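**Student:** Before we start, here is the structure in question, set down as structure tokens.
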Amino acid sequence: MRKNIITLFICSCLGMLLVASCENELPTRANYSAYDFTGLDVDGGSWTPILLNGPGQITISVPEDVSSAAYQAELSSLKSTIANLTGDQRDIVNYWTNNPILRWNEIALELAAKYNLIPGPNDDGTYTLPNPANPAGPPPFPFAHPPYTSRALAYLSVAQFDGLITAWSYKYEFNRPAPSEVDNSIIPAYGETDLPSYPSDGAVIAEASRAILTAMFPLEKDYLQVKADEHLSSLVWAGANVESDVSAGKFIGSEVAKVALSRAANDGMKNAQTPKPKSDSIKASAFARFGWSWTNQEIPVRPVGLTPLFSKVRMWNVPSLESVRPGPPPAIGSAEFEVAAKELQDIQNNMTEGMRKIANWWQDGLGTYTPPGHWNRFAKEFMIKYKENPLRSARTFAYMNMAIMDAGISCWDAKYFYHYPRPIETIPGFKTILGTPNFPSYTSGHSTFSAAASEVLSYVYPAEATLCEQWALEAAESRIYGGIHYRFDSEVGITQGKAVAKYTVDRAKLDGAD
Amino acid sequence: MDKFLLTTRCACNSCTIFARRFCHIVKAGMKPVLGFLFFLSGIGSIQAQTPSDAIMMKRGELCFALAYEYGSFDEYWEGTDLRKNETIATVSRQALMPMVAVGIIDKLNFYLGVPYIKTESSEPNGGHLQGVDGFQDLSLALKYEILNKEIAKGSLALFAAGGYSTPITNYLSDYRPYSIGNGTNEWSLRGIAEYKLEMGLYARAAGGHLFRGQTEAERDYYYNNGSYYTSWMDVPNAWEYSAAIGIWMLDNSLRLEATYYGLKSTSGDDIRKYNAPQPTNKVQFDQVGFFGQYYIKPIKGLGVLAYYNQIFDGRNMSKSTTFGGGLTYQFKVLN
């Protein structure tokens, strides 16, 4: 008997170890490797950039011919480097792939999640705001909330796109073949390609991304430099580019980032988080206009809502705030309001597991990559599915992120113009399963961001339009289940997001890529 | 957790084990209250811990136990910084813990428990978030007496215990501090040693390892010192260790015990600044407590128990205070 028991014990111990050792490996990034592009977009250099007046705005020198001694020296250096690659270097090559737009987008989302932490109260009940002049804080700069993240992603994507249009223009002007086309003893890590290699598209992406993200996340300067250096080195290690390809691409990346960052410096974002007197006057105007206003319900009360003047940030493609501003929400206490309030109470009292899942799935709250980040993740998955080249990917991200940022600006305009209180303010004793954000209710940011993103993705990927629209509607619905928005916040937000995105899609249709 | 403390001891020694399991369970309950810690998650864990007790039931004996506990905290460790947070104000966790213990043979006992837990914030609070209630995990455990030997003026007993717990409802482990548990399977292995003097004084020490699986969140992206593109979260494994000094009094009808319990996760991240905890957090804590059990002589097999636990040091854990009480009833089914 005793022996049996001991045997049983030993077996169960072994069983536990087995169970413990076969847990799933958890993915920390998109699982893809280099792939053959659906097309090279040979005419990409003729597409209309967003910020540059044309590819000629950035000038690079004519490359040395492949028969020149200078090129041959670069080529033999490349060959000896490749012959001596370490395992770590090969891992780096495999990580970056031939569409590094996706990796830099992932890095941006990760930084958004890292910095999307709302500053807590000080011991005396006051709040200190992140300060770009003293990024280390505390609290650290930035607080990468959804408006901030939408803007960071827009500048990142626009700089990448304009830089790659420039690169494509020179690639097909100079037509320098890839190293493996010149010397067929070179086996490129990402496969043979007909894409001319001067200037390096990878280097444009590395340098433009590093510069934009460093401006947006200044405390990550060193980390981003390491990533960019690895990426630039990997272009030679992969056999994709010689050094002169890389340095020309890096120059374009650096120049295009300067253009994008000069727009960013004066787009109004630095005034978006207002001092309290300004915030109070915005609230008082709304109260005078409508007879209601939103008030933060936290303890201690936050004196100013999130970025009351994000609405004044320069939009990308929408002519005016008024052109997309929705009509007013139902008056508090009106029959329409009571219907919406009762729906929220019914949901609270009869929350199903399905509703809870939807609320949490789309929450994208503090500590995450935000709703703009969520849509970037979807876009990335489509880019892999459709095997897009970096230029195509940059285009999709650029138009989608401009539309998302414009949607945020328009939504914030409605939020502070109407200054509508949240359900926890208007419904006595109401409790939620999601945290109520620090800004007014009408319209829903999730709904507006999501509708705008869905519109652009539906334009780029018509086969995915139904899916994208379902996602946007579910994202909008999720805020009602979460108890933080009335149905009209979400429904009007969807309409608003579509209206905003139409301007971006109309522009995209004329850029020469279709 | 004070699994030890809780250990309810059925009137007889046999029941005690059972009780302990309960305790564990109870403790699990407490933990949630405390904080977001994964304690909560781990009713199962609790069971595993059961072994902390050195009492065995004879073959054919059965013990039922029912305990209630109330735990609360208004401070928690964010990483290693102790803080308050008016968003959640004071968070309470109540647990109702039914348990059964069975003497399979004299040297092997089996335990089963299923706690019901309810969490909520005090009013007013800045977050206006709903609390949660529901059944947590089913916990199963076996305890085996390896040795029981007279030494000097006392006796030394050694035990080994193995436990398993698994969620029985689809509660959300990623809703802290209100989550009622870790939402994952847990296997545990424990060793227990107790030395007891004839006069009734005893000392006990136990150590164990908790193997935790992964829990499924309702989002498929989260940050854990980097991006994770999955809804699965690793719940860190943990070491636990405990010690107790106690005495049997009043003709073996009253037992009083002072207890210590410690838990250390072997991996995990810290709660980020002013952010919610998550199941991946590296939880550590130290807890002291008192435990008492009284066997009501006029009613054969019936016992009452009460305990108090206080966490005094921690990491990513709530600084919880817990009170519990319960009844145990032990009887013989087989001869």
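Just so we're on the same page: first chain in the structure tokens is A, next is B, and so on; residues restart at 1 for each chain, and ligands are numbered from 1 in the order they show up.
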May I have the residues of chain B within 9 Å of chain A, counting only C-alpha atoms, written as a CSV table (one decimal) with N, CA and C atoms, in the first residue's frame?
**Tutor:**
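Writing the result to result14.csv gives the following:
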```csv
chain,number,residue,atom,x,y,z
B,85,ASN,N,-5.1,54.4,-2.7
B,85,ASN,CA,-5.7,54.7,-4.0
B,85,ASN,C,-7.2,54.9,-3.8
B,86,GLU,N,-7.6,56.2,-3.9
B,86,GLU,CA,-9.0,56.5,-3.7
B,86,GLU,C,-9.9,56.0,-4.8
B,87,THR,N,-9.3,55.6,-5.9
B,87,THR,CA,-10.1,55.1,-7.0
B,87,THR,C,-10.8,53.8,-6.5
B,108,LEU,N,-3.5,8.6,4.8
B,108,LEU,CA,-3.8,9.4,3.6
B,108,LEU,C,-5.2,10.0,3.7
B,124,PRO,N,-17.4,56.5,-0.3
B,124,PRO,CA,-17.3,56.8,-1.8
B,124,PRO,C,-15.9,56.3,-2.3
B,125,ASN,N,-15.9,56.1,-3.6
B,125,ASN,CA,-14.6,55.8,-4.2
B,125,ASN,C,-14.6,56.5,-5.6
B,126,GLY,N,-13.4,56.8,-6.1
B,126,GLY,CA,-13.3,57.5,-7.3
B,126,GLY,C,-13.5,56.8,-8.6
B,127,GLY,N,-13.5,55.4,-8.5
B,127,GLY,CA,-13.5,54.6,-9.7
B,127,GLY,C,-14.9,54.2,-10.2
B,128,HIS,N,-15.9,54.1,-9.2
B,128,HIS,CA,-17.2,53.7,-9.5
B,128,HIS,C,-17.3,52.4,-10.3
B,129,LEU,N,-16.4,51.5,-9.9
B,129,LEU,CA,-16.3,50.2,-10.6
B,129,LEU,C,-17.1,49.2,-9.8
B,130,GLN,N,-17.8,48.3,-10.6
B,130,GLN,CA,-18.5,47.2,-10.0
B,130,GLN,C,-17.7,46.2,-9.3
B,131,GLY,N,-18.1,45.6,-8.2
B,131,GLY,CA,-17.4,44.5,-7.6
B,131,GLY,C,-17.9,43.2,-8.3
B,144,TYR,N,-0.4,12.9,2.9
B,144,TYR,CA,0.1,11.6,3.2
B,144,TYR,C,1.1,11.8,4.4
B,160,ALA,N,3.6,14.8,3.4
B,160,ALA,CA,3.7,15.4,2.1
B,160,ALA,C,2.3,15.6,1.5
B,161,ALA,N,2.1,16.7,0.8
B,161,ALA,CA,0.8,16.9,0.3
B,161,ALA,C,0.9,17.4,-1.2
B,162,GLY,N,-0.1,17.0,-1.9
B,162,GLY,CA,-0.2,17.5,-3.3
B,162,GLY,C,-1.6,18.0,-3.6
B,170,ASN,N,-16.5,31.0,-15.1
B,170,ASN,CA,-15.7,31.8,-16.0
B,170,ASN,C,-15.5,33.2,-15.5
B,175,TYR,N,-9.3,41.5,-13.8
B,175,TYR,CA,-10.2,42.6,-13.4
B,175,TYR,C,-9.8,42.9,-12.0
B,187,TRP,N,-1.1,23.4,-9.5
B,187,TRP,CA,-0.7,22.2,-8.9
B,187,TRP,C,0.2,22.6,-7.8
B,188,SER,N,0.1,21.9,-6.7
B,188,SER,CA,1.0,22.3,-5.5
B,188,SER,C,1.6,21.0,-4.9
B,189,LEU,N,2.8,21.2,-4.4
B,189,LEU,CA,3.5,20.2,-3.7
B,189,LEU,C,4.0,20.8,-2.3
B,211,PHE,N,2.7,25.4,-8.8
B,211,PHE,CA,2.9,25.5,-10.2
B,211,PHE,C,1.6,26.0,-10.8
B,212,ARG,N,1.7,27.2,-11.4
B,212,ARG,CA,0.5,27.9,-11.9
B,212,ARG,C,0.6,27.8,-13.5
B,213,GLY,N,-0.6,27.7,-14.1
B,213,GLY,CA,-0.7,27.7,-15.5
B,213,GLY,C,-0.9,29.1,-16.0
B,214,GLN,N,-1.5,29.2,-17.2
B,214,GLN,CA,-1.8,30.5,-17.8
B,214,GLN,C,-3.3,30.8,-17.6
B,217,ALA,N,-7.2,36.2,-20.5
B,217,ALA,CA,-7.9,37.5,-20.3
B,217,ALA,C,-8.9,37.7,-21.4
B,218,GLU,N,-9.7,38.8,-21.4
B,218,GLU,CA,-10.6,39.0,-22.4
B,218,GLU,C,-10.1,40.1,-23.4
B,219,ARG,N,-8.8,40.3,-23.4
B,219,ARG,CA,-8.2,41.2,-24.4
B,219,ARG,C,-7.0,40.4,-25.0
B,220,ASP,N,-6.6,40.7,-26.2
B,220,ASP,CA,-5.5,39.9,-26.7
B,220,ASP,C,-4.2,40.8,-26.9
B,221,TYR,N,-4.1,41.8,-26.1
B,221,TYR,CA,-2.8,42.6,-26.1
B,221,TYR,C,-2.7,43.0,-24.6
B,222,TYR,N,-1.5,42.9,-24.1
B,222,TYR,CA,-1.2,43.5,-22.8
B,222,TYR,C,0.3,43.8,-22.7
B,223,TYR,N,0.6,44.6,-21.7
B,223,TYR,CA,2.1,45.0,-21.6
B,223,TYR,C,2.6,44.3,-20.3
B,225,ASN,N,6.3,44.3,-19.2
B,225,ASN,CA,7.7,44.7,-19.6
B,225,ASN,C,7.9,44.5,-21.1
B,226,GLY,N,6.9,44.8,-21.9
B,226,GLY,CA,7.0,44.6,-23.3
B,226,GLY,C,5.6,44.1,-23.8
B,227,SER,N,5.5,44.1,-25.1
B,227,SER,CA,4.1,43.8,-25.7
B,227,SER,C,3.9,42.3,-25.6
B,228,TYR,N,2.6,41.9,-25.4
B,228,TYR,CA,2.2,40.5,-25.6
B,228,TYR,C,1.0,40.5,-26.4
B,229,TYR,N,1.1,39.8,-27.6
B,229,TYR,CA,0.0,39.7,-28.5
B,229,TYR,C,-0.8,38.4,-28.3
B,230,THR,N,-1.4,38.3,-27.2
B,230,THR,CA,-2.2,37.1,-26.9
B,230,THR,C,-3.1,37.4,-25.7
B,232,TRP,N,-3.5,35.1,-23.5
B,232,TRP,CA,-3.0,34.3,-22.4
B,232,TRP,C,-2.0,35.0,-21.6
B,233,MET,N,-2.1,34.9,-20.3
B,233,MET,CA,-1.1,35.5,-19.4
B,233,MET,C,-0.5,34.4,-18.5
B,234,ASP,N,0.8,34.5,-18.3
B,234,ASP,CA,1.5,33.6,-17.4
B,234,ASP,C,1.2,34.0,-16.0
B,272,ARG,N,2.4,48.7,-12.5
B,272,ARG,CA,3.0,50.0,-13.0
B,272,ARG,C,2.3,51.2,-12.2
B,273,LYS,N,3.0,52.3,-12.3
B,273,LYS,CA,2.6,53.5,-11.5
B,273,LYS,C,1.1,53.8,-11.7
B,274,TYR,N,0.3,53.8,-10.6
B,274,TYR,CA,-1.1,54.2,-10.6
B,274,TYR,C,-1.9,53.4,-11.7
B,275,ASN,N,-1.5,52.2,-11.9
B,275,ASN,CA,-2.1,51.3,-12.9
B,275,ASN,C,-2.7,50.1,-12.2
B,276,ALA,N,-3.6,49.4,-12.8
B,276,ALA,CA,-4.2,48.2,-12.2
B,276,ALA,C,-3.2,47.1,-12.2
```
**Student:** Just the residues within 8 Å of range 464-470 of chain A, please, counting only C-alpha atoms, with nothing from its chain fewer than 6 positions along; format it as a list in words.
**Tutor:** Ala451, Ser454, Glu455, Leu457 and Ser458 of chain A
**Student:** Taking 5 positions as the minimum chain separation for residues in the same chain, which residues sit within 7 Å of range 380-387 of chain A when counting only C-alpha atoms? Answer as a list in words.
**Tutor:** Tyr35, Asp36, Phe37, Thr38, Leu102 and Ser393 of chain A
**Student:** CA of Thr97 in chain A and CA of Thr166 in chain A, how far apart in Å?
**Tutor:**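 Interatomic distance, CA of Thr166 in chain A to CA of Thr97 in chain A: 21.0 Å.
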**Student:** Just give me the gap between CA of Phe378 in chain A and CA of Asp162 in chain A in Å, one decimal is fine.
**Tutor:**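 If I compute the distance from CA of Phe378 in chain A to CA of Asp162 in chain A, I get 22.1 Å.
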**Student:** Identify, on the basis of only C-alpha atoms, every residue whose closest approach to Pro279 in chain B does not exceed 12 Å; exclude the query and any residue fewer than 4 positions from it along the same chain; express the result as a PDB file with C-alpha atoms, in the first residue's frame.
**Tutor:**
```pdb
ATOM      1  CA  PRO B  32      -8.179  38.970  -3.305  1.00  0.00           C
ATOM      2  CA  GLY B  35      -5.317  43.436  -3.546  1.00  0.00           C
ATOM      3  CA  PHE B  36      -5.263  42.381  -6.613  1.00  0.00           C
ATOM      4  CA  LEU B  37      -2.813  39.841  -5.782  1.00  0.00           C
ATOM      5  CA  PHE B  38      -3.023  36.674  -7.191  1.00  0.00           C
ATOM      6  CA  PHE B  39      -3.994  35.374  -4.070  1.00  0.00           C
ATOM      7  CA  LEU B  40      -7.327  35.892  -5.065  1.00  0.00           C
ATOM      8  CA  SER B  41      -6.957  33.761  -7.889  1.00  0.00           C
ATOM      9  CA  GLY B  42      -5.782  30.998  -5.984  1.00  0.00           C
ATOM     10  CA  LEU B 172     -12.324  37.170 -15.094  1.00  0.00           C
ATOM     11  CA  SER B 173      -8.870  37.044 -13.523  1.00  0.00           C
ATOM     12  CA  ASP B 174      -7.880  40.241 -15.361  1.00  0.00           C
ATOM     13  CA  TYR B 175     -10.173  42.588 -13.397  1.00  0.00           C
ATOM     14  CA  ARG B 176      -8.083  43.528 -10.430  1.00  0.00           C
ATOM     15  CA  PRO B 177      -8.422  44.257  -7.611  1.00  0.00           C
ATOM     16  CA  TYR B 178     -11.921  42.806  -7.860  1.00  0.00           C
ATOM     17  CA  SER B 179     -11.089  39.499  -9.583  1.00  0.00           C
ATOM     18  CA  ILE B 180     -11.979  36.585  -7.353  1.00  0.00           C
ATOM     19  CA  GLY B 181      -9.078  34.373  -8.411  1.00  0.00           C
ATOM     20  CA  ASN B 182      -6.130  33.713 -10.703  1.00  0.00           C
ATOM     21  CA  GLY B 183      -8.269  31.938 -13.256  1.00  0.00           C
ATOM     22  CA  THR B 184      -5.838  29.141 -13.911  1.00  0.00           C
ATOM     23  CA  ARG B 212       0.524  27.851 -11.944  1.00  0.00           C
ATOM     24  CA  GLY B 213      -0.663  27.707 -15.516  1.00  0.00           C
ATOM     25  CA  GLN B 214      -1.821  30.513 -17.786  1.00  0.00           C
ATOM     26  CA  THR B 215      -5.010  32.481 -17.436  1.00  0.00           C
ATOM     27  CA  GLU B 216      -7.078  33.807 -20.322  1.00  0.00           C
ATOM     28  CA  ALA B 217      -7.876  37.499 -20.330  1.00  0.00           C
ATOM     29  CA  TYR B 222      -1.203  43.504 -22.797  1.00  0.00           C
ATOM     30  CA  TYR B 223       2.052  44.990 -21.555  1.00  0.00           C
ATOM     31  CA  ASN B 224       4.326  42.934 -19.335  1.00  0.00           C
ATOM     32  CA  SER B 231      -5.019  36.789 -24.440  1.00  0.00           C
ATOM     33  CA  TRP B 232      -3.025  34.278 -22.368  1.00  0.00           C
ATOM     34  CA  MET B 233      -1.139  35.518 -19.363  1.00  0.00           C
ATOM     35  CA  ASP B 234       1.463  33.593 -17.413  1.00  0.00           C
ATOM     36  CA  VAL B 235       0.585  33.410 -13.754  1.00  0.00           C
ATOM     37  CA  PRO B 236       3.930  33.132 -11.980  1.00  0.00           C
ATOM     38  CA  ASN B 237       4.798  30.028 -10.007  1.00  0.00           C
ATOM     39  CA  SER B 265       6.498  34.428  -6.905  1.00  0.00           C
ATOM     40  CA  SER B 267       8.842  35.604 -11.810  1.00  0.00           C
ATOM     41  CA  GLY B 268       6.505  38.334 -12.980  1.00  0.00           C
ATOM     42  CA  ASP B 269       6.267  42.091 -13.440  1.00  0.00           C
ATOM     43  CA  ASP B 270       5.510  44.914 -11.028  1.00  0.00           C
ATOM     44  CA  ILE B 271       2.268  46.867 -10.977  1.00  0.00           C
ATOM     45  CA  VAL B 283       3.448  38.774  -5.852  1.00  0.00           C
ATOM     46  CA  ASN B 316       2.308  43.800  -5.708  1.00  0.00           C
ATOM     47  CA  MET B 317       0.031  42.707  -2.882  1.00  0.00           C
TER      48      MET B 317
END
```
**Student:** Could you jot down the CA of Phe417 in chain A to CA of Ala144 in chain A separation for me, Å, one decimal place?
**Tutor:**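 It comes out at 23.1 Å.
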**Student:** Show me, as a list of chain:residue names, the residues that have an atom within 8 Å of range 306-322 of chain A when counting only C-alpha atoms, minus same-chain residues fewer than 2 positions from it.
**Tutor:** A:Pro147, A:Asp267, A:Gly268, A:Met269, A:Asn271, A:Ala272, A:Gln273, A:Thr274, A:Ser279, A:Val304, A:Val324, A:Arg325, A:Met402, A:Ala403, A:Met405, A:Asp406, A:Gly408, A:Ile409, A:Ser410, A:Cys411, A:Trp412, A:Asp413, A:Tyr416, A:Asn438, A:Phe439, A:Val500, A:Tyr503, A:Thr504, A:Arg507
**Student:** Would you give me, as a ChimeraX atom specification, the residues in range 137-252 of chain B that DSSP reads as strand (DSSP E)?
**Tutor:** /B:137-151,154-167,186-197,201-212,214-216,222-223,227-228,232-234,238-249
**Student:** So that I can check the secondary structure, give me every residue of range 206-280 of chain A assigned alpha helix (DSSP H) by backbone DSSP, as a ChimeraX atom specification.
**Tutor:** /A:206-216,221-237,243-265,276-280
**Student:** Using only C-alpha atoms, find the one residue out of B:Val100, B:Asn281, B:Val132, B:Tyr295 that sits nearest to Trp77 in chain B.
**Tutor:**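 Checking each of B:Val100, B:Asn281, B:Val132, B:Tyr295 against Trp77 in chain B, counting only C-alpha atoms, the winner is B:Asn281.
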**Student:** Excluding range 242-248 of chain B and residues on its chain fewer than 3 positions from it, collect all residues at most 8 Å away from it, counting only C-alpha atoms, and give them as a PyMOL selection string.
**Tutor:** chain B and resi 4+52+200-207+251-262
**Student:** Do a neighbour search on Glu192 in chain A at 12 Å with only C-alpha atoms, toss out local chain neighbours closer than 3 positions, and write the hits as a list in words.
**Tutor:** Ala34, Tyr35, Asp36, Phe37, Asn98, Pro177, Ala178, Pro179, Ser180, Glu181, Val182, Asp183, Asn184, Ser185, Ile186, Ile187, Pro188, Ala189, Leu195, Pro196, Ser197, Ala238, Gly239 and Ala240 of chain A
